[in-house]
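Structure file input_29.pdb (PDB, C-alpha atoms) follows.
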```pdb
ATOM      1  CA  MET A 261     131.044 115.805  94.699
ATOM      2  CA  ARG A 262     130.375 119.362  95.805
ATOM      3  CA  ILE A 263     127.740 117.831  98.032
ATOM      4  CA  ILE A 264     128.112 120.142 101.028
ATOM      5  CA  ASN A 265     126.827 123.263  99.285
ATOM      6  CA  LEU A 266     124.113 121.186  97.683
ATOM      7  CA  LEU A 267     122.875 119.958 101.042
ATOM      8  CA  LEU A 268     122.668 123.452 102.498
ATOM      9  CA  PHE A 269     120.279 124.430  99.714
ATOM     10  CA  VAL A 270     118.341 121.185  99.968
ATOM     11  CA  LEU A 271     117.779 121.639 103.699
ATOM     12  CA  VAL A 272     116.068 124.934 102.986
ATOM     13  CA  ALA A 273     113.789 123.830 100.165
ATOM     14  CA  GLY A 274     113.953 120.038  99.926
ATOM     15  CA  GLY A 275     113.034 117.775  97.037
ATOM     16  CA  CYS A 276     114.331 116.848  93.637
ATOM     17  CA  SER A 277     113.710 120.228  92.019
ATOM     18  CA  ILE A 278     116.146 122.027  94.309
ATOM     19  CA  VAL A 279     118.836 119.428  93.591
ATOM     20  CA  GLU A 280     118.497 120.212  89.907
ATOM     21  CA  SER A 281     118.455 123.936  90.649
ATOM     22  CA  VAL A 282     121.704 123.784  92.592
ATOM     23  CA  ASP A 283     123.331 121.734  89.829
ATOM     24  CA  SER A 284     122.251 124.374  87.319
ATOM     25  CA  ALA A 285     123.500 127.171  89.578
ATOM     26  CA  GLU A 286     126.975 125.643  89.884
ATOM     27  CA  LYS A 287     127.199 125.345  86.106
ATOM     28  CA  SER A 288     126.052 128.951  85.743
ATOM     29  CA  VAL A 289     128.917 130.095  87.960
ATOM     30  CA  LEU A 290     131.357 128.371  85.607
ATOM     31  CA  ILE A 291     129.752 129.940  82.551
ATOM     32  CA  GLU A 292     129.946 133.392  84.135
ATOM     33  CA  ALA A 293     133.671 132.763  84.731
ATOM     34  CA  GLY A 294     134.204 132.038  81.030
ATOM     35  CA  PHE A 295     133.828 128.263  80.900
ATOM     36  CA  VAL A 296     132.227 126.744  77.822
ATOM     37  CA  GLN A 297     130.494 123.362  77.864
ATOM     38  CA  GLN A 298     131.098 121.290  74.745
ATOM     39  CA  LYS A 299     130.633 117.735  73.473
ATOM     40  CA  MET A 300     132.834 115.575  71.298
ATOM     41  CA  ASP A 301     131.946 112.458  69.295
ATOM     42  CA  LEU A 302     133.882 109.409  70.482
ATOM     43  CA  ALA A 303     135.413 107.093  67.886
ATOM     44  CA  GLU A 304     133.709 104.074  69.458
ATOM     45  CA  GLY A 305     130.341 105.841  69.526
ATOM     46  CA  GLY A 306     128.893 108.081  72.193
ATOM     47  CA  LYS A 307     129.663 111.595  73.387
ATOM     48  CA  LEU A 308     132.284 113.056  75.704
ATOM     49  CA  ASN A 309     131.108 116.147  77.575
ATOM     50  CA  TYR A 310     133.759 118.619  78.699
ATOM     51  CA  TRP A 311     134.245 122.139  80.015
ATOM     52  CA  GLN A 312     137.114 124.464  79.167
ATOM     53  CA  ALA A 313     138.286 127.993  79.875
ATOM     54  CA  GLY A 314     141.429 130.036  80.424
ATOM     55  CA  GLN A 315     144.779 130.441  78.713
ATOM     56  CA  GLY A 316     148.312 129.227  79.319
ATOM     57  CA  LYS A 317     149.560 125.751  80.060
ATOM     58  CA  THR A 318     146.835 123.132  79.768
ATOM     59  CA  VAL A 319     145.529 121.353  82.869
ATOM     60  CA  LEU A 320     143.270 118.340  82.328
ATOM     61  CA  LEU A 321     141.170 117.532  85.414
ATOM     62  CA  ILE A 322     139.856 113.944  85.686
ATOM     63  CA  HIS A 323     137.204 113.214  88.297
ATOM     64  CA  GLY A 324     136.517 110.023  90.240
ATOM     65  CA  PHE A 325     133.453 107.847  90.900
ATOM     66  CA  GLY A 326     130.151 109.280  92.054
ATOM     67  CA  GLY A 327     130.361 112.621  90.348
ATOM     68  CA  SER A 328     131.185 114.612  87.256
ATOM     69  CA  ALA A 329     133.601 117.331  86.211
ATOM     70  CA  VAL A 330     131.469 120.041  87.794
ATOM     71  CA  THR A 331     130.562 118.252  91.027
ATOM     72  CA  SER A 332     134.164 117.182  91.607
ATOM     73  CA  TRP A 333     136.190 120.158  90.411
ATOM     74  CA  GLN A 334     134.104 123.350  90.263
ATOM     75  CA  GLN A 335     136.106 125.403  92.758
ATOM     76  CA  VAL A 336     139.427 124.086  91.421
ATOM     77  CA  MET A 337     138.316 124.859  87.868
ATOM     78  CA  LEU A 338     137.565 128.438  88.839
ATOM     79  CA  ALA A 339     140.889 128.900  90.623
ATOM     80  CA  LEU A 340     143.098 127.327  87.955
ATOM     81  CA  SER A 341     141.413 129.001  84.981
ATOM     82  CA  GLN A 342     142.809 132.342  86.154
ATOM     83  CA  ASN A 343     146.300 131.151  85.165
ATOM     84  CA  TYR A 344     145.882 128.087  82.947
ATOM     85  CA  HIS A 345     143.889 126.580  80.122
ATOM     86  CA  VAL A 346     141.612 124.222  82.085
ATOM     87  CA  ILE A 347     139.788 121.248  80.587
ATOM     88  CA  ALA A 348     137.422 119.207  82.758
ATOM     89  CA  PRO A 349     135.639 116.291  81.050
ATOM     90  CA  ASP A 350     132.962 113.968  82.337
ATOM     91  CA  LEU A 351     134.301 110.432  82.130
ATOM     92  CA  ALA A 352     132.255 107.975  80.063
ATOM     93  CA  TRP A 353     129.057 106.912  81.884
ATOM     94  CA  PHE A 354     129.296 109.859  84.268
ATOM     95  CA  GLY A 355     127.717 113.293  84.062
ATOM     96  CA  ASP A 356     126.736 114.010  80.460
ATOM     97  CA  SER A 357     129.150 111.554  78.812
ATOM     98  CA  GLU A 358     128.597 108.020  77.585
ATOM     99  CA  SER A 359     130.373 105.540  75.344
ATOM    100  CA  GLN A 360     129.256 102.641  73.192
ATOM    101  CA  ALA A 361     132.400 100.677  74.065
ATOM    102  CA  ALA A 362     132.613  97.914  76.653
ATOM    103  CA  PRO A 363     133.427  99.652  79.964
ATOM    104  CA  SER A 364     137.086  99.636  81.024
ATOM    105  CA  LEU A 365     139.800 101.952  82.251
ATOM    106  CA  ALA A 366     141.430 101.745  78.817
ATOM    107  CA  VAL A 367     138.264 103.178  77.249
ATOM    108  CA  GLN A 368     138.450 106.136  79.633
ATOM    109  CA  SER A 369     142.118 106.735  78.819
ATOM    110  CA  LYS A 370     141.486 106.501  75.074
ATOM    111  CA  ALA A 371     138.670 109.030  75.400
ATOM    112  CA  MET A 372     141.086 111.444  77.078
ATOM    113  CA  THR A 373     143.572 110.889  74.240
ATOM    114  CA  GLN A 374     140.831 111.611  71.694
ATOM    115  CA  LEU A 375     140.068 114.837  73.540
ATOM    116  CA  ILE A 376     143.740 115.854  73.489
ATOM    117  CA  ASP A 377     143.792 115.113  69.753
ATOM    118  CA  LYS A 378     140.621 117.108  69.062
ATOM    119  CA  LEU A 379     141.933 120.159  70.908
ATOM    120  CA  GLU A 380     145.290 119.811  69.125
ATOM    121  CA  LEU A 381     147.285 120.001  72.340
ATOM    122  CA  ASP A 382     151.026 119.479  72.133
ATOM    123  CA  GLU A 383     151.438 119.219  75.897
ATOM    124  CA  VAL A 384     149.074 118.655  78.811
ATOM    125  CA  ASN A 385     149.327 118.459  82.590
ATOM    126  CA  VAL A 386     146.948 115.870  84.009
ATOM    127  CA  VAL A 387     145.327 115.915  87.449
ATOM    128  CA  GLY A 388     143.245 112.933  88.557
ATOM    129  CA  ILE A 389     141.468 112.097  91.800
ATOM    130  CA  SER A 390     140.670 108.569  93.021
ATOM    131  CA  TYR A 391     139.451 106.585  89.957
ATOM    132  CA  GLY A 392     140.529 109.544  87.841
ATOM    133  CA  GLY A 393     144.006 108.974  89.246
ATOM    134  CA  PHE A 394     144.023 105.486  87.752
ATOM    135  CA  VAL A 395     143.162 107.033  84.382
ATOM    136  CA  THR A 396     145.925 109.590  84.936
ATOM    137  CA  PHE A 397     148.454 106.846  85.682
ATOM    138  CA  ASP A 398     147.493 105.084  82.449
ATOM    139  CA  LEU A 399     148.020 108.333  80.526
ATOM    140  CA  MET A 400     151.401 108.860  82.205
ATOM    141  CA  ILE A 401     152.545 105.601  80.631
ATOM    142  CA  HIS A 402     150.867 105.668  77.235
ATOM    143  CA  GLU A 403     150.336 109.344  76.332
ATOM    144  CA  PRO A 404     153.636 111.082  75.409
ATOM    145  CA  ARG A 405     152.031 114.541  75.511
ATOM    146  CA  VAL A 406     151.642 114.387  79.299
ATOM    147  CA  ASP A 407     154.148 116.859  80.756
ATOM    148  CA  LYS A 408     153.381 116.600  84.484
ATOM    149  CA  ALA A 409     150.853 114.622  86.491
ATOM    150  CA  VAL A 410     149.183 115.101  89.863
ATOM    151  CA  LEU A 411     147.580 112.118  91.595
ATOM    152  CA  LEU A 412     145.053 112.820  94.339
ATOM    153  CA  ALA A 413     144.237 109.914  96.662
ATOM    154  CA  SER A 414     144.920 107.278  94.018
ATOM    155  CA  PRO A 415     147.420 104.420  94.500
ATOM    156  CA  GLY A 416     147.851 103.408  90.855
ATOM    157  CA  VAL A 417     149.426 100.045  90.185
ATOM    158  CA  LEU A 418     150.438  99.602  93.828
ATOM    159  CA  PHE A 419     146.849  98.847  94.831
ATOM    160  CA  SER A 420     147.244  95.133  95.521
ATOM    161  CA  ASN A 421     144.648  92.398  95.952
ATOM    162  CA  ALA A 422     145.418  92.512  99.677
ATOM    163  CA  ASP A 423     144.744  96.263  99.685
ATOM    164  CA  LEU A 424     141.438  95.621  97.919
ATOM    165  CA  ALA A 425     140.456  93.015 100.510
ATOM    166  CA  ALA A 426     141.373  95.396 103.339
ATOM    167  CA  MET A 427     139.279  98.172 101.799
ATOM    168  CA  ASN A 428     136.291  95.858 101.461
ATOM    169  CA  GLN A 429     136.720  94.891 105.092
ATOM    170  CA  ARG A 430     136.770  98.543 106.197
ATOM    171  CA  PHE A 431     133.480  99.093 104.391
ATOM    172  CA  GLU A 432     132.074  95.731 105.508
ATOM    173  CA  THR A 433     131.401  94.500 102.003
ATOM    174  CA  ALA A 434     132.673  91.671  99.824
ATOM    175  CA  ASP A 435     132.690  93.644  96.570
ATOM    176  CA  ALA A 436     134.231  97.060  95.895
ATOM    177  CA  SER A 437     131.389  97.789  93.474
ATOM    178  CA  ASP A 438     129.044  97.914  96.445
ATOM    179  CA  ILE A 439     131.159 100.783  97.808
ATOM    180  CA  PHE A 440     131.621 102.940  94.732
ATOM    181  CA  VAL A 441     128.482 102.078  92.777
ATOM    182  CA  PRO A 442     125.715 102.390  95.352
ATOM    183  CA  GLN A 443     122.481 100.722  94.318
ATOM    184  CA  THR A 444     120.328 102.515  96.858
ATOM    185  CA  PRO A 445     120.204 105.902  98.597
ATOM    186  CA  LYS A 446     121.276 104.186 101.833
ATOM    187  CA  GLN A 447     124.425 102.808 100.191
ATOM    188  CA  MET A 448     125.111 106.242  98.713
ATOM    189  CA  ARG A 449     124.920 107.810 102.179
ATOM    190  CA  ARG A 450     127.540 105.336 103.438
ATOM    191  CA  LEU A 451     129.892 106.316 100.603
ATOM    192  CA  LEU A 452     129.458 110.048 101.174
ATOM    193  CA  GLU A 453     129.966 109.791 104.915
ATOM    194  CA  ALA A 454     133.219 107.887 104.344
ATOM    195  CA  THR A 455     134.437 110.317 101.680
ATOM    196  CA  PHE A 456     134.057 113.732 103.299
ATOM    197  CA  ILE A 457     135.262 115.186 106.583
ATOM    198  CA  ASP A 458     132.518 116.389 108.952
ATOM    199  CA  PHE A 459     129.766 115.210 106.644
ATOM    200  CA  PRO A 460     126.698 117.217 107.713
ATOM    201  CA  TRP A 461     123.472 115.755 108.977
ATOM    202  CA  TYR A 462     120.463 116.117 106.719
ATOM    203  CA  PRO A 463     117.058 114.406 106.536
ATOM    204  CA  SER A 464     117.252 110.935 105.024
ATOM    205  CA  PHE A 465     114.398 111.640 102.586
ATOM    206  CA  ILE A 466     116.779 113.925 100.680
ATOM    207  CA  ASP A 467     118.989 110.942  99.849
ATOM    208  CA  SER A 468     116.642 109.753  97.111
ATOM    209  CA  ALA A 469     116.811 113.047  95.208
ATOM    210  CA  ILE A 470     120.598 113.167  95.389
ATOM    211  CA  PHE A 471     120.886 109.498  94.405
ATOM    212  CA  GLU A 472     118.647 109.889  91.354
ATOM    213  CA  ARG A 473     120.496 112.982  90.158
ATOM    214  CA  TYR A 474     124.102 111.871  90.591
ATOM    215  CA  PHE A 475     124.325 108.114  91.121
ATOM    216  CA  ALA A 476     121.442 106.183  89.542
ATOM    217  CA  ASN A 477     122.490 106.197  85.864
ATOM    218  CA  HIS A 478     124.668 103.613  84.075
ATOM    219  CA  LEU A 479     124.938 101.356  87.134
ATOM    220  CA  ASP A 480     125.875  98.258  85.107
ATOM    221  CA  GLU A 481     128.645 100.074  83.250
ATOM    222  CA  LYS A 482     130.032 101.551  86.468
ATOM    223  CA  ARG A 483     130.094  98.139  88.139
ATOM    224  CA  GLN A 484     132.001  96.793  85.151
ATOM    225  CA  LEU A 485     134.536  99.600  85.508
ATOM    226  CA  ILE A 486     135.150  98.704  89.161
ATOM    227  CA  GLY A 487     135.157  94.973  88.457
ATOM    228  CA  GLY A 488     137.808  95.384  85.769
ATOM    229  CA  LEU A 489     140.212  97.513  87.802
ATOM    230  CA  THR A 490     142.483  94.655  88.884
ATOM    231  CA  GLU A 491     142.855  93.539  85.257
ATOM    232  CA  ASP A 492     143.512  97.144  84.244
ATOM    233  CA  ARG A 493     146.085  97.443  87.033
ATOM    234  CA  ASP A 494     147.943  94.377  85.785
ATOM    235  CA  ARG A 495     147.859  95.648  82.196
ATOM    236  CA  ILE A 496     149.315  99.000  83.229
ATOM    237  CA  ALA A 497     151.921  97.417  85.506
ATOM    238  CA  SER A 498     153.240  95.272  82.683
ATOM    239  CA  ASN A 499     154.170  98.373  80.660
ATOM    240  CA  ILE A 500     155.825 100.543  83.307
ATOM    241  CA  ASN A 501     159.263 102.049  82.983
ATOM    242  CA  VAL A 502     159.332 104.265  86.068
ATOM    243  CA  ASP A 503     162.337 106.251  84.867
ATOM    244  CA  ALA A 504     160.465 107.218  81.689
ATOM    245  CA  LEU A 505     157.352 108.526  83.435
ATOM    246  CA  PRO A 506     156.634 112.272  83.501
ATOM    247  CA  ASP A 507     157.258 114.212  86.693
ATOM    248  CA  SER A 508     154.476 113.682  89.193
ATOM    249  CA  MET A 509     153.209 114.891  92.551
ATOM    250  CA  LEU A 510     150.854 113.195  95.003
ATOM    251  CA  ILE A 511     148.247 114.797  97.257
ATOM    252  CA  TRP A 512     146.696 112.730 100.038
ATOM    253  CA  GLY A 513     144.396 113.109 103.015
ATOM    254  CA  GLU A 514     145.771 112.085 106.376
ATOM    255  CA  ASN A 515     142.543 110.250 107.269
ATOM    256  CA  ASP A 516     141.599 108.726 103.915
ATOM    257  CA  LEU A 517     139.419 105.642 104.538
ATOM    258  CA  VAL A 518     139.284 104.590 100.893
ATOM    259  CA  PHE A 519     143.004 104.584 100.105
ATOM    260  CA  PRO A 520     144.908 105.071 103.386
ATOM    261  CA  LEU A 521     147.873 107.426 103.563
ATOM    262  CA  ALA A 522     150.279 104.478 103.717
ATOM    263  CA  SER A 523     149.338 103.739 100.095
ATOM    264  CA  GLY A 524     150.226 107.293  99.116
ATOM    265  CA  ILE A 525     153.596 107.170 100.855
ATOM    266  CA  GLN A 526     154.356 103.858  99.158
ATOM    267  CA  LEU A 527     153.479 105.279  95.732
ATOM    268  CA  ALA A 528     155.517 108.437  96.361
ATOM    269  CA  ASP A 529     158.563 106.303  97.127
ATOM    270  CA  TYR A 530     157.943 104.157  94.049
ATOM    271  CA  LEU A 531     157.669 107.186  91.747
ATOM    272  CA  ASN A 532     160.289 109.233  93.620
ATOM    273  CA  SER A 533     157.655 111.976  93.756
ATOM    274  CA  PRO A 534     156.820 114.602  96.376
ATOM    275  CA  ILE A 535     153.643 114.051  98.383
ATOM    276  CA  VAL A 536     151.476 116.733  99.952
ATOM    277  CA  VAL A 537     149.640 115.399 103.018
ATOM    278  CA  ILE A 538     146.607 117.406 104.142
ATOM    279  CA  PRO A 539     146.086 117.041 107.903
ATOM    280  CA  GLU A 540     142.790 115.472 109.005
ATOM    281  CA  ALA A 541     141.587 115.338 105.392
ATOM    282  CA  ALA A 542     139.620 112.409 103.990
ATOM    283  CA  HIS A 543     139.171 111.111 100.431
ATOM    284  CA  GLY A 544     137.128 113.929  98.867
ATOM    285  CA  LEU A 545     140.036 116.334  98.609
ATOM    286  CA  SER A 546     138.903 118.441  95.669
ATOM    287  CA  ASN A 547     135.671 119.332  97.463
ATOM    288  CA  ASP A 548     136.869 119.565 101.050
ATOM    289  CA  HIS A 549     140.097 121.468 100.308
ATOM    290  CA  PRO A 550     139.890 123.128  96.865
ATOM    291  CA  ASP A 551     142.128 126.062  97.867
ATOM    292  CA  ILE A 552     144.944 123.809  99.068
ATOM    293  CA  ILE A 553     144.596 121.591  95.987
ATOM    294  CA  SER A 554     144.631 124.567  93.611
ATOM    295  CA  ARG A 555     147.700 126.135  95.226
ATOM    296  CA  ALA A 556     149.576 122.827  95.185
ATOM    297  CA  ILE A 557     148.810 122.262  91.500
ATOM    298  CA  LYS A 558     149.905 125.796  90.582
ATOM    299  CA  ALA A 559     153.165 125.471  92.530
ATOM    300  CA  PHE A 560     153.940 122.145  90.844
ATOM    301  CA  ILE A 561     153.069 123.108  87.270
ATOM    302  CA  GLN A 562     154.262 126.757  87.408
TER     303      GLN A 562
END
```
Kindly return the structure encoded in the file as structure tokens.
Amino acid sequence: MRIINLLLFVLVAGGCSIVESVDSAEKSVLIEAGFVQQKMDLAEGGKLNYWQAGQGKTVLLIHGFGGSAVTSWQQVMLALSQNYHVIAPDLAWFGDSESQAAPSLAVQSKAMTQLIDKLELDEVNVVGISYGGFVTFDLMIHEPRVDKAVLLASPGVLFSNADLAAMNQRFETADASDIFVPQTPKQMRRLLEATFIDFPWYPSFIDSAIFERYFANHLDEKRQLIGGLTEDRDRIASNINVDALPDSMLIWGENDLVFPLASGIQLADYLNSPIVVIPEAAHGLSNDHPDIISRAIKAFIQ
């Protein structure tokens, strides 16, 4: 999320109303830059919310857990839309999107395919961060219109059961859902502190307002998404022909606590892809380092 700017405003005014005001302000900046917010009916029922602006090659930005298109990508959206046609959807059960289907990674991927169909795109470059990177990997295999792909802090099919156990141990929990789908403001604070570099201090009473705005909705569906990831991983792995995958690039933080850099190096070797390592960076790359991310994407897509 673009939580840092949010907190600076919250510290001044406090309370739920300012959280909503900052969210509205960030959307207004996008609208002033030419972005249009739209919604699409999903075949399985529900609505997919998305933003788009710009001209040129298409870049599809897919966010991760705990946020939305705007909270995850706003600065990157602004930078890329100067040179590209940028599309940034809210995944199902995040932001302003929801689906009537049973939650799974495949449902997310199919929603992205429906969006590509609706916009009549012949070719698309996909950029996904964290959970959005898993969706991106699925599209790399099953969506022939993907030209190039950029994976930010997302290990794809190489995230083993042992890696999952190690991650749970780092966060002192037995279930990954307790990490990525916080049930309380206190659990949310733990996730945010582990995601961003130099996470600022702010009064704990603010946590409740942030939690209610960005984390409290669709908790059951989000837990199902996390719980089904190992099954999704195995499904994707069974269909891989590495030589047939589109060209890809990886971007990783040197100090990522969620998916350590070793996972990124392993995936880069597996895909024979370049990897950009950001020194001292953590997991929330699109918020902590939007300029570096934007420049790397532009250089790769050209």
Could you tell me which residues the PyMOL selection byres ((chain A and resi 359) around 7) returns for this structure, as a PDB file with C-alpha atoms, in the coordinates of the input?
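part_0.pdb, freshly written:
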```pdb
ATOM      1  CA  GLU A 304     133.709 104.074  69.458  1.00  0.00           C
ATOM      2  CA  GLY A 305     130.341 105.841  69.526  1.00  0.00           C
ATOM      3  CA  GLY A 306     128.893 108.081  72.193  1.00  0.00           C
ATOM      4  CA  LYS A 307     129.663 111.595  73.387  1.00  0.00           C
ATOM      5  CA  ALA A 352     132.255 107.975  80.063  1.00  0.00           C
ATOM      6  CA  TRP A 353     129.057 106.912  81.884  1.00  0.00           C
ATOM      7  CA  GLU A 358     128.597 108.020  77.585  1.00  0.00           C
ATOM      8  CA  GLN A 360     129.256 102.641  73.192  1.00  0.00           C
ATOM      9  CA  ALA A 361     132.400 100.677  74.065  1.00  0.00           C
TER      10      ALA A 361
END
```
Checklist line | Contacts of A:Tyr391 within 12 Å, all atoms listed in the file, excl. fewer than 6 positions in-chain, as a PyMOL selection string | finding: chain A and resi 321-328+332+351+364-365+368-369+397-398+411-417+419+440+482+485-486+489+492-493+518-519+543-544
Item checked: Hits from the PyMOL selection byres ((chain A and resi 535) around 8), listed as a list in words -> Met509, Leu510, Ile511, Trp512, Gly524, Ile525, Ala528, Ser533, Pro534, Val536 and Val537 of chain A
Notebook entry, point to check: Looking at all atoms listed in the file, which of A:Leu452, A:Val282, A:Ala469, A:Ala348 is the one that sits closest to A:Asn547?
Noted result: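 That would be A:Leu452, the residue with the smallest distance to A:Asn547.
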Next item on the list: Could you check which of A:Phe471, A:Phe394, A:Trp333, A:Tyr530 is closest to A:Ile553, using only C-alpha atoms?
Entry: A:Trp333
Notebook entry, point to check: Which one of A:Asp423, A:Leu479, A:Glu380, A:Asn499 sits closest to A:Pro520 if you count all atoms listed in the file?
Noted result: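 Of the candidates, the smallest distance to A:Pro520 is held by A:Asp423.
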Checklist line | Pairwise distance for atom CA of A:Ser420 and atom CA of A:Val384, rounded to one decimal in Å | finding: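 Atom-to-atom, atom CA of A:Ser420 to atom CA of A:Val384, that is 28.9 Å.
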Next item on the list: Can you turn the PyMOL selection byres ((chain A and resi 343) around 9) into a concrete residue list for this file, as number ranges by chain?
Entry: A: 314-317, 339-342, 344-346, 558
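Closest approach to A:Met300 among A:Val336, A:Leu375, A:Val367, A:Val319 is made by A:Leu375 (distances from all atoms listed in the file).
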Checklist line | Distance of atom CA of A:Ala454 from atom CA of A:Ala434, expressed in Å to one decimal place | finding: 16.8 Å
Missing atoms in stretch 322-333 of chain A should be modelled up to N, CA and C atoms and reported as a JSON list (two decimals), in the frame of the given file.
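Full text of part.json as output:
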```
[["chain", "number", "residue", "atom", "x", "y", "z"],
["A", 322, "ILE", "N", 140.60, 115.19, 85.86],
["A", 322, "ILE", "CA", 139.86, 113.94, 85.69],
["A", 322, "ILE", "C", 139.24, 113.54, 87.02],
["A", 323, "HIS", "N", 137.93, 113.49, 87.05],
["A", 323, "HIS", "CA", 137.20, 113.21, 88.30],
["A", 323, "HIS", "C", 137.18, 111.72, 88.63],
["A", 324, "GLY", "N", 136.64, 111.40, 89.80],
["A", 324, "GLY", "CA", 136.52, 110.02, 90.24],
["A", 324, "GLY", "C", 135.08, 109.53, 90.16],
["A", 325, "PHE", "N", 134.79, 108.43, 90.91],
["A", 325, "PHE", "CA", 133.45, 107.85, 90.90],
["A", 325, "PHE", "C", 132.47, 108.73, 91.67],
["A", 326, "GLY", "N", 131.21, 108.63, 91.30],
["A", 326, "GLY", "CA", 130.15, 109.28, 92.05],
["A", 326, "GLY", "C", 129.91, 110.73, 91.70],
["A", 327, "GLY", "N", 130.54, 111.22, 90.66],
["A", 327, "GLY", "CA", 130.36, 112.62, 90.35],
["A", 327, "GLY", "C", 130.57, 112.90, 88.88],
["A", 328, "SER", "N", 130.93, 114.14, 88.61],
["A", 328, "SER", "CA", 131.18, 114.61, 87.26],
["A", 328, "SER", "C", 132.27, 115.67, 87.34],
["A", 329, "ALA", "N", 132.60, 116.26, 86.21],
["A", 329, "ALA", "CA", 133.60, 117.33, 86.21],
["A", 329, "ALA", "C", 133.18, 118.47, 87.14],
["A", 330, "VAL", "N", 131.93, 118.89, 87.02],
["A", 330, "VAL", "CA", 131.47, 120.04, 87.79],
["A", 330, "VAL", "C", 131.36, 119.71, 89.27],
["A", 331, "THR", "N", 130.75, 118.58, 89.61],
["A", 331, "THR", "CA", 130.56, 118.25, 91.03],
["A", 331, "THR", "C", 131.88, 117.98, 91.73],
["A", 332, "SER", "N", 132.87, 117.51, 91.00],
["A", 332, "SER", "CA", 134.16, 117.18, 91.61],
["A", 332, "SER", "C", 135.14, 118.35, 91.63],
["A", 333, "TRP", "N", 135.09, 119.22, 90.61],
["A", 333, "TRP", "CA", 136.19, 120.16, 90.41],
["A", 333, "TRP", "C", 135.79, 121.62, 90.39]]
```
